[in-house]
file protein-v1.txt (compact mmCIF, C-alpha atoms and all ligand atoms)
# COMPACT_ATOMS: atom_id res chain seq x y z
CA MET A 1 -17.31 35.84 15.46
CA LEU A 2 -17.46 34.47 18.99
CA LYS A 3 -20.58 33.50 20.86
CA LYS A 4 -20.95 34.32 24.54
CA LYS A 5 -19.78 30.89 25.73
CA HIS A 6 -16.53 31.29 23.82
CA LYS A 7 -15.83 34.66 25.35
CA LYS A 8 -15.49 33.05 28.78
CA MET A 9 -12.43 31.18 27.53
CA GLU A 10 -9.32 33.00 28.59
CA LYS A 11 -6.72 30.41 27.64
CA GLY A 12 -5.85 28.53 24.52
CA ILE A 13 -5.66 28.91 20.77
CA LYS A 14 -8.70 30.97 19.84
CA GLU A 15 -8.70 29.80 16.20
CA ILE A 16 -9.60 26.28 17.35
CA PHE A 17 -12.92 27.73 18.48
CA THR A 18 -13.51 30.33 15.79
CA ARG A 19 -12.54 28.35 12.65
CA THR A 20 -15.39 27.24 10.42
CA SER A 21 -15.34 25.73 6.95
CA ILE A 22 -15.28 28.48 4.31
CA ARG A 23 -16.67 27.50 0.91
CA ASN A 24 -17.05 30.92 -0.78
CA PHE A 25 -14.21 33.34 -1.31
CA LYS A 26 -13.40 36.87 -2.47
CA GLU A 27 -11.33 37.15 -5.64
CA THR A 28 -8.41 38.58 -3.65
CA GLU A 29 -5.09 36.90 -4.45
CA ILE A 30 -3.17 35.15 -1.71
CA SER A 31 0.41 36.39 -1.29
CA LYS A 32 3.33 34.01 -1.79
CA SER A 33 4.43 34.71 1.79
CA ASP A 34 1.03 33.71 3.16
CA ILE A 35 1.10 30.50 1.11
CA GLU A 36 4.58 29.80 2.45
CA LEU A 37 3.36 30.35 6.02
CA LEU A 38 0.56 27.83 5.46
CA LEU A 39 3.02 25.27 4.09
CA LYS A 40 5.48 25.86 6.93
CA SER A 41 2.59 25.30 9.35
CA ALA A 42 1.64 22.06 7.57
CA MET A 43 5.18 20.73 7.77
CA GLN A 44 5.38 21.56 11.46
CA ALA A 45 2.75 18.89 12.20
CA PRO A 46 3.56 15.74 14.11
CA SER A 47 3.97 12.53 12.07
CA ALA A 48 4.60 8.89 12.88
CA GLY A 49 8.29 8.43 13.61
CA ASN A 50 8.69 12.02 12.38
CA GLN A 51 8.52 10.62 8.84
CA GLN A 52 7.16 13.85 7.28
CA GLY A 53 5.99 12.00 4.18
CA TRP A 54 3.83 14.87 2.92
CA GLU A 55 3.96 16.74 -0.37
CA PHE A 56 1.80 19.65 -1.55
CA ILE A 57 0.61 20.86 -4.94
CA ILE A 58 -0.40 24.53 -4.97
CA VAL A 59 -2.95 25.13 -7.69
CA ASP A 60 -3.78 28.64 -8.93
CA GLU A 61 -4.63 27.86 -12.58
CA LYS A 62 -8.36 28.25 -13.27
CA GLU A 63 -8.49 25.19 -15.52
CA THR A 64 -7.05 22.91 -12.84
CA LEU A 65 -9.22 24.45 -10.09
CA GLU A 66 -12.20 23.64 -12.28
CA LYS A 67 -11.05 20.03 -12.61
CA LEU A 68 -10.55 19.74 -8.84
CA SER A 69 -14.11 20.99 -8.26
CA LYS A 70 -15.36 17.86 -10.06
CA VAL A 71 -13.50 15.32 -7.93
CA SER A 72 -16.69 14.69 -5.93
CA PRO A 73 -20.22 16.10 -5.71
CA TYR A 74 -19.00 18.04 -2.66
CA SER A 75 -15.85 19.63 -4.05
CA SER A 76 -17.34 22.66 -5.82
CA PRO A 77 -15.54 25.10 -3.42
CA ALA A 78 -12.32 24.25 -5.28
CA LYS A 79 -13.28 26.46 -8.23
CA LYS A 80 -14.41 29.35 -6.04
CA ALA A 81 -11.03 29.80 -4.33
CA PRO A 82 -7.95 31.62 -5.64
CA ILE A 83 -5.81 28.62 -4.67
CA CYS A 84 -6.16 25.02 -3.63
CA ILE A 85 -3.57 23.11 -1.68
CA VAL A 86 -3.64 19.44 -2.66
CA ILE A 87 -2.12 17.28 0.06
CA LEU A 88 -0.33 14.11 -1.00
CA GLY A 89 1.35 11.32 0.92
CA ASN A 90 4.62 10.04 -0.51
CA ILE A 91 4.46 6.38 0.49
CA GLN A 92 8.01 5.76 -0.79
CA LYS A 93 9.36 8.16 1.82
CA MET A 94 7.44 6.66 4.75
CA LYS A 95 8.78 4.24 7.32
CA TYR A 96 5.26 3.76 8.64
CA PRO A 97 2.96 4.06 5.59
CA GLU A 98 0.01 2.70 7.60
CA ASN A 99 -0.01 6.08 9.35
CA VAL A 100 -0.22 8.17 6.18
CA ASP A 101 -3.76 9.48 6.66
CA MET A 102 -3.19 10.41 10.30
CA ASP A 103 0.00 12.31 9.45
CA LEU A 104 -1.68 14.19 6.62
CA SER A 105 -4.73 15.00 8.76
CA ALA A 106 -2.47 16.74 11.25
CA ALA A 107 -0.86 18.74 8.43
CA ALA A 108 -4.27 19.67 6.98
CA MET A 109 -5.51 20.88 10.34
CA ASN A 110 -2.43 23.07 10.83
CA ILE A 111 -3.11 24.72 7.45
CA LEU A 112 -6.77 25.41 8.27
CA LEU A 113 -6.00 26.86 11.70
CA GLN A 114 -3.12 29.01 10.42
CA ALA A 115 -5.35 30.25 7.57
CA LYS A 116 -7.93 31.37 10.14
CA ALA A 117 -5.23 33.08 12.20
CA ILE A 118 -4.12 35.25 9.25
CA GLY A 119 -7.59 36.26 8.07
CA LEU A 120 -8.00 33.55 5.45
CA GLY A 121 -10.40 30.63 5.35
CA GLY A 122 -10.63 27.21 3.82
CA VAL A 123 -12.36 23.89 3.77
CA TRP A 124 -11.20 20.29 3.82
CA LEU A 125 -12.44 18.47 0.73
CA GLY A 126 -12.15 14.77 1.43
CA VAL A 127 -10.29 12.59 -1.09
CA ALA A 128 -8.66 9.59 0.67
CA PRO A 129 -9.55 6.84 1.30
CA LEU A 130 -12.21 6.92 -1.44
CA GLU A 131 -10.71 5.21 -4.50
CA ASP A 132 -12.78 7.09 -7.10
CA ARG A 133 -11.75 10.50 -5.74
CA MET A 134 -8.12 9.44 -5.35
CA ASN A 135 -8.08 8.20 -8.94
CA MET A 136 -9.50 11.46 -10.23
CA VAL A 137 -6.79 13.49 -8.48
CA LYS A 138 -4.15 11.04 -9.76
CA GLN A 139 -5.40 11.60 -13.30
CA ILE A 140 -5.51 15.39 -13.01
CA PHE A 141 -1.82 15.56 -12.06
CA THR A 142 -0.63 12.29 -13.69
CA LEU A 143 0.65 11.07 -10.34
CA PRO A 144 2.69 7.88 -9.90
CA ASP A 145 1.30 5.17 -7.60
CA HIS A 146 3.53 6.02 -4.63
CA LEU A 147 1.77 9.40 -4.24
CA ARG A 148 -1.51 9.11 -2.33
CA PRO A 149 -3.92 12.02 -2.93
CA PHE A 150 -5.28 12.82 0.51
CA ALA A 151 -7.29 16.05 0.54
CA ILE A 152 -7.94 19.26 -1.36
CA LEU A 153 -7.95 22.51 0.64
CA PRO A 154 -9.40 25.54 -1.16
CA ILE A 155 -8.00 28.63 0.57
CA GLY A 156 -8.84 32.32 0.22
CA VAL A 157 -10.28 35.41 1.82
CA PRO A 158 -13.73 34.45 3.14
CA LEU A 159 -16.67 36.01 1.31
CA LYS A 160 -18.30 36.14 4.71
CA GLU A 161 -17.41 34.91 8.18
CA ASN A 162 -19.53 32.17 9.71
CA GLU A 163 -20.42 32.16 13.37
CA SER A 164 -18.85 29.20 15.17
CA LYS A 165 -20.77 27.20 17.74
CA LEU A 166 -19.24 25.54 20.75
CA ARG A 167 -19.50 21.75 20.34
CA TYR A 168 -18.27 20.67 23.73
CA ASP A 169 -20.48 17.83 24.99
CA GLU A 170 -19.77 16.52 28.43
CA SER A 171 -21.72 13.30 27.75
CA LYS A 172 -18.88 12.24 25.42
CA VAL A 173 -16.25 12.46 28.13
CA HIS A 174 -15.45 9.37 30.21
CA TRP A 175 -13.12 9.36 33.18
CA ASN A 176 -11.15 6.20 33.88
CA LYS A 177 -13.87 3.81 32.60
CA TYR A 178 -16.56 3.72 29.92
C1 LIG A 201 -12.34 14.19 6.27
C2 LIG A 201 -13.20 15.37 5.91
C3 LIG A 201 -13.78 15.44 4.66
C4 LIG A 201 -14.56 16.54 4.30
N1 LIG A 201 -15.04 16.62 3.03
C5 LIG A 201 -15.75 17.71 2.65
C6 LIG A 201 -16.18 17.86 1.29
O1 LIG A 201 -15.92 16.99 0.44
N2 LIG A 201 -16.86 18.98 0.94
C7 LIG A 201 -17.14 19.96 1.87
O2 LIG A 201 -17.76 20.95 1.48
N3 LIG A 201 -16.74 19.85 3.17
C8 LIG A 201 -16.05 18.77 3.57
N4 LIG A 201 -15.58 18.67 4.86
C9 LIG A 201 -15.88 19.75 5.83
C10 LIG A 201 -16.96 19.32 6.82
O3 LIG A 201 -18.22 19.28 6.17
C11 LIG A 201 -16.98 20.33 8.00
O4 LIG A 201 -15.74 20.34 8.62
C12 LIG A 201 -18.06 20.00 9.02
O5 LIG A 201 -19.34 20.16 8.46
C13 LIG A 201 -17.97 20.87 10.27
O6 LIG A 201 -18.08 22.24 9.94
P1 LIG A 201 -16.91 23.28 10.29
O7 LIG A 201 -15.66 22.85 9.55
O8 LIG A 201 -17.45 24.60 9.78
O9 LIG A 201 -16.68 23.28 11.76
C14 LIG A 201 -14.79 17.58 5.24
C15 LIG A 201 -14.19 17.52 6.49
C16 LIG A 201 -13.39 16.44 6.82
C17 LIG A 201 -12.71 16.42 8.18

call {"tool": "encode", "arguments": {"input": "protein-v1.txt", "output": "structure tokens"}}
result
Amino acid sequence: MLKKKHKKMEKGIKEIFTRTSIRNFKETEISKSDIELLLKSAMQAPSAGNQQGWEFIIVDEKETLEKLSKVSPYSSPAKKAPICIVILGNIQKMKYPENVDMDLSAAAMNILLQAKAIGLGGVWLGVAPLEDRMNMVKQIFTLPDHLRPFAILPIGVPLKENESKLRYDESKVHWNKY
């Protein structure tokens, strides 16, 4: 839902302004074609040197969703969603591994915005760079060391839509000098 201030905006990607984190979902299944669209959107993201060092695990098994919901005290949405997309960085395939988290952030954001655009919702559950969370994800999937668990994105049909608020704050904008 858009507030009045948003309605004045005539240009731009509306999902940037209407997306909110969704942590509760309907039981509705997500179609394979929608999942594919989300993954295509992720892989369309920019990356350092165009290295595209991302990999994705799609989880739809209840038992594994349950395990993912225990990765941190804040990851309970994982078990409420029909699927989670676990984003990994493949360090072995990166020319610029120091950029892994930036590359994967761009991919994550594309997924969340595309989800909003097709009537789905999701939330970014932080994993990297916190060692304990990364280790838990590594254990769940028995991942080798060159795969860096980055984030868990539960995705589904929102149980209810949240109202988004405009966050623009002119005091944070500096022209030519600080
Ligand atoms: C790096 C990162 C980690 C986050 N980790 C969590 C998390 O573990 N659990 C959660 O419920 N939300 C998490 N979030 C979602 C934020 O809480 C949310 O984006 C923020 O409160 C703003 O709300 P909005 O997404 O509805 O605009 C995370 C977001 C980011 C970018």

call {"tool": "residues_near_ligand", "arguments": {"input": "protein-v1.txt", "ligand": "ligand LIG 201 (chain A)", "cutoff": "12 Å", "atoms": "all atoms listed in the file", "output": "ChimeraX atom specification"}}
result
/A:15-24,68-78,80,101-102,104-106,108-109,112-113,116,121-130,133,150-154,161-167

call {"tool": "write_last_selection", "arguments": {"input": "protein-v1.txt", "atoms": "C-alpha atoms", "output": "JSON list (two decimals), in the frame of the given file"}}
result
[["chain", "number", "residue", "atom", "x", "y", "z"],
["A", 15, "GLU", "CA", -8.70, 29.80, 16.20],
["A", 16, "ILE", "CA", -9.60, 26.28, 17.35],
["A", 17, "PHE", "CA", -12.92, 27.73, 18.48],
["A", 18, "THR", "CA", -13.51, 30.33, 15.79],
["A", 19, "ARG", "CA", -12.54, 28.35, 12.65],
["A", 20, "THR", "CA", -15.39, 27.24, 10.42],
["A", 21, "SER", "CA", -15.34, 25.73, 6.95],
["A", 22, "ILE", "CA", -15.28, 28.48, 4.31],
["A", 23, "ARG", "CA", -16.67, 27.50, 0.91],
["A", 24, "ASN", "CA", -17.05, 30.92, -0.78],
["A", 68, "LEU", "CA", -10.55, 19.74, -8.84],
["A", 69, "SER", "CA", -14.11, 20.99, -8.26],
["A", 70, "LYS", "CA", -15.36, 17.86, -10.06],
["A", 71, "VAL", "CA", -13.50, 15.32, -7.93],
["A", 72, "SER", "CA", -16.69, 14.69, -5.93],
["A", 73, "PRO", "CA", -20.22, 16.10, -5.71],
["A", 74, "TYR", "CA", -19.00, 18.04, -2.66],
["A", 75, "SER", "CA", -15.85, 19.63, -4.05],
["A", 76, "SER", "CA", -17.34, 22.66, -5.82],
["A", 77, "PRO", "CA", -15.54, 25.10, -3.42],
["A", 78, "ALA", "CA", -12.32, 24.25, -5.28],
["A", 80, "LYS", "CA", -14.41, 29.35, -6.04],
["A", 101, "ASP", "CA", -3.76, 9.48, 6.66],
["A", 102, "MET", "CA", -3.19, 10.41, 10.30],
["A", 104, "LEU", "CA", -1.68, 14.19, 6.62],
["A", 105, "SER", "CA", -4.73, 15.00, 8.76],
["A", 106, "ALA", "CA", -2.47, 16.74, 11.25],
["A", 108, "ALA", "CA", -4.27, 19.67, 6.98],
["A", 109, "MET", "CA", -5.51, 20.88, 10.34],
["A", 112, "LEU", "CA", -6.77, 25.41, 8.27],
["A", 113, "LEU", "CA", -6.00, 26.86, 11.70],
["A", 116, "LYS", "CA", -7.93, 31.37, 10.14],
["A", 121, "GLY", "CA", -10.40, 30.63, 5.35],
["A", 122, "GLY", "CA", -10.63, 27.21, 3.82],
["A", 123, "VAL", "CA", -12.36, 23.89, 3.77],
["A", 124, "TRP", "CA", -11.20, 20.29, 3.82],
["A", 125, "LEU", "CA", -12.44, 18.47, 0.73],
["A", 126, "GLY", "CA", -12.15, 14.77, 1.43],
["A", 127, "VAL", "CA", -10.29, 12.59, -1.09],
["A", 128, "ALA", "CA", -8.66, 9.59, 0.67],
["A", 129, "PRO", "CA", -9.55, 6.84, 1.30],
["A", 130, "LEU", "CA", -12.21, 6.92, -1.44],
["A", 133, "ARG", "CA", -11.75, 10.50, -5.74],
["A", 150, "PHE", "CA", -5.28, 12.82, 0.51],
["A", 151, "ALA", "CA", -7.29, 16.05, 0.54],
["A", 152, "ILE", "CA", -7.94, 19.26, -1.36],
["A", 153, "LEU", "CA", -7.95, 22.51, 0.64],
["A", 154, "PRO", "CA", -9.40, 25.54, -1.16],
["A", 161, "GLU", "CA", -17.41, 34.91, 8.18],
["A", 162, "ASN", "CA", -19.53, 32.17, 9.71],
["A", 163, "GLU", "CA", -20.42, 32.16, 13.37],
["A", 164, "SER", "CA", -18.85, 29.20, 15.17],
["A", 165, "LYS", "CA", -20.77, 27.20, 17.74],
["A", 166, "LEU", "CA", -19.24, 25.54, 20.75],
["A", 167, "ARG", "CA", -19.50, 21.75, 20.34]]

call {"tool": "atom_distance", "arguments": {"input": "protein-v1.txt", "atom1": "CA of Phe56 in chain A", "atom2": "CA of Lys14 in chain A"}}
result
26.4 Å

call {"tool": "closest_residue", "arguments": {"input": "protein-v1.txt", "among": "A:Asn90, A:Asn176, A:Phe25, A:Asp60", "to": "Lys160 in chain A", "atoms": "all atoms listed in the file"}}
result
A:Phe25

call {"tool": "closest_residue", "arguments": {"input": "protein-v1.txt", "among": "A:Ile35, A:Lys79, A:Ala42, A:Glu10", "to": "Lys67 in chain A", "atoms": "all atoms listed in the file"}}
result
A:Lys79

call {"tool": "atom_distance", "arguments": {"input": "protein-v1.txt", "atom1": "CA of Leu65 in chain A", "atom2": "CA of Val86 in chain A"}}
result
10.6 Å

call {"tool": "closest_residue", "arguments": {"input": "protein-v1.txt", "among": "A:Asn110, A:Tyr178, A:Glu66, A:Glu170", "to": "Ser41 in chain A", "atoms": "only C-alpha atoms"}}
result
A:Asn110

call {"tool": "atom_distance", "arguments": {"input": "protein-v1.txt", "atom1": "CA of Glu55 in chain A", "atom2": "CA of Gly12 in chain A"}}
result
29.2 Å

call {"tool": "closest_residue", "arguments": {"input": "protein-v1.txt", "among": "A:Ile91, A:Lys26, A:Ala81, A:Leu39", "to": "Gln51 in chain A", "atoms": "only C-alpha atoms"}}
result
A:Ile91

call {"tool": "closest_residue", "arguments": {"input": "protein-v1.txt", "among": "A:Thr64, A:Gly89, A:Ile13, A:Asn135", "to": "Ala107 in chain A", "atoms": "all atoms listed in the file"}}
result
A:Gly89

call {"tool": "closest_residue", "arguments": {"input": "protein-v1.txt", "among": "A:Val137, A:Ile111, A:Ile83, A:Leu147", "to": "Glu29 in chain A", "atoms": "all atoms listed in the file"}}
result
A:Ile83

call {"tool": "decode", "arguments": {"input": "protein-v1.txt", "residues": "range 35-47 of chain A", "atoms": "all heavy atoms", "output": "short mmCIF file (atom, residue, chain, number, x, y, z; two decimals), in the first residue's frame"}}
result
data_model
loop_
_atom_site.label_atom_id
_atom_site.label_comp_id
_atom_site.auth_asym_id
_atom_site.auth_seq_id
_atom_site.Cartn_x
_atom_site.Cartn_y
_atom_site.Cartn_z
N ILE A 35 9.97 -19.15 -9.14
CA ILE A 35 11.29 -19.34 -8.51
C ILE A 35 12.40 -19.05 -9.53
O ILE A 35 13.38 -18.36 -9.24
CB ILE A 35 11.43 -20.77 -7.93
CG1 ILE A 35 10.44 -20.97 -6.77
CG2 ILE A 35 12.86 -21.04 -7.46
CD1 ILE A 35 10.33 -22.38 -6.24
N GLU A 36 12.17 -19.53 -10.75
CA GLU A 36 13.16 -19.30 -11.80
C GLU A 36 13.32 -17.81 -12.10
O GLU A 36 14.43 -17.31 -12.29
CB GLU A 36 12.74 -20.06 -13.06
CG GLU A 36 13.88 -20.32 -14.00
CD GLU A 36 13.44 -21.21 -15.15
OE1 GLU A 36 13.42 -22.43 -14.96
OE2 GLU A 36 13.08 -20.68 -16.21
N LEU A 37 12.19 -17.09 -12.09
CA LEU A 37 12.26 -15.64 -12.33
C LEU A 37 13.08 -14.95 -11.24
O LEU A 37 13.89 -14.06 -11.51
CB LEU A 37 10.84 -15.05 -12.41
CG LEU A 37 10.76 -13.53 -12.54
CD1 LEU A 37 11.41 -13.05 -13.86
CD2 LEU A 37 9.31 -13.05 -12.47
N LEU A 38 12.88 -15.38 -10.00
CA LEU A 38 13.64 -14.79 -8.89
C LEU A 38 15.13 -15.06 -9.06
O LEU A 38 15.97 -14.18 -8.83
CB LEU A 38 13.15 -15.34 -7.54
CG LEU A 38 11.69 -15.03 -7.18
CD1 LEU A 38 11.32 -15.68 -5.85
CD2 LEU A 38 11.43 -13.52 -7.12
N LEU A 39 15.47 -16.27 -9.49
CA LEU A 39 16.89 -16.62 -9.64
C LEU A 39 17.51 -15.91 -10.84
O LEU A 39 18.66 -15.47 -10.79
CB LEU A 39 17.04 -18.14 -9.78
CG LEU A 39 16.61 -18.90 -8.52
CD1 LEU A 39 16.56 -20.40 -8.77
CD2 LEU A 39 17.52 -18.58 -7.34
N LYS A 40 16.71 -15.77 -11.90
CA LYS A 40 17.21 -15.00 -13.07
C LYS A 40 17.47 -13.56 -12.65
O LYS A 40 18.45 -12.94 -13.08
CB LYS A 40 16.18 -15.02 -14.20
CG LYS A 40 16.18 -16.32 -14.99
CD LYS A 40 15.12 -16.26 -16.09
CE LYS A 40 15.13 -17.54 -16.91
NZ LYS A 40 13.90 -17.68 -17.70
N SER A 41 16.58 -13.03 -11.82
CA SER A 41 16.75 -11.64 -11.35
C SER A 41 18.01 -11.52 -10.50
O SER A 41 18.77 -10.56 -10.63
CB SER A 41 15.54 -11.21 -10.52
OG SER A 41 14.35 -11.43 -11.25
N ALA A 42 18.24 -12.51 -9.65
CA ALA A 42 19.44 -12.49 -8.79
C ALA A 42 20.70 -12.46 -9.66
O ALA A 42 21.62 -11.67 -9.43
CB ALA A 42 19.45 -13.73 -7.90
N MET A 43 20.71 -13.31 -10.67
CA MET A 43 21.92 -13.45 -11.48
C MET A 43 22.10 -12.31 -12.48
O MET A 43 23.08 -12.26 -13.21
CB MET A 43 21.91 -14.81 -12.19
CG MET A 43 22.02 -15.97 -11.22
SD MET A 43 22.25 -17.54 -12.06
CE MET A 43 21.25 -18.62 -11.05
N GLN A 44 21.13 -11.42 -12.53
CA GLN A 44 21.24 -10.24 -13.38
C GLN A 44 21.94 -9.10 -12.64
O GLN A 44 22.20 -8.04 -13.21
CB GLN A 44 19.83 -9.81 -13.81
CG GLN A 44 19.76 -9.13 -15.17
CD GLN A 44 20.28 -9.99 -16.30
OE1 GLN A 44 20.11 -11.20 -16.30
NE2 GLN A 44 20.95 -9.38 -17.25
N ALA A 45 22.25 -9.31 -11.37
CA ALA A 45 22.83 -8.24 -10.54
C ALA A 45 24.25 -7.91 -11.01
O ALA A 45 24.93 -8.75 -11.60
CB ALA A 45 22.86 -8.70 -9.08
N PRO A 46 24.69 -6.70 -10.70
CA PRO A 46 26.09 -6.37 -10.98
C PRO A 46 27.00 -7.12 -10.00
O PRO A 46 26.56 -7.46 -8.90
CB PRO A 46 26.16 -4.86 -10.72
CG PRO A 46 25.06 -4.59 -9.75
CD PRO A 46 23.97 -5.60 -10.05
N SER A 47 28.24 -7.38 -10.42
CA SER A 47 29.22 -7.99 -9.50
C SER A 47 30.61 -7.49 -9.89
O SER A 47 30.82 -7.09 -11.04
CB SER A 47 29.15 -9.52 -9.56
OG SER A 47 29.43 -9.98 -10.87
#
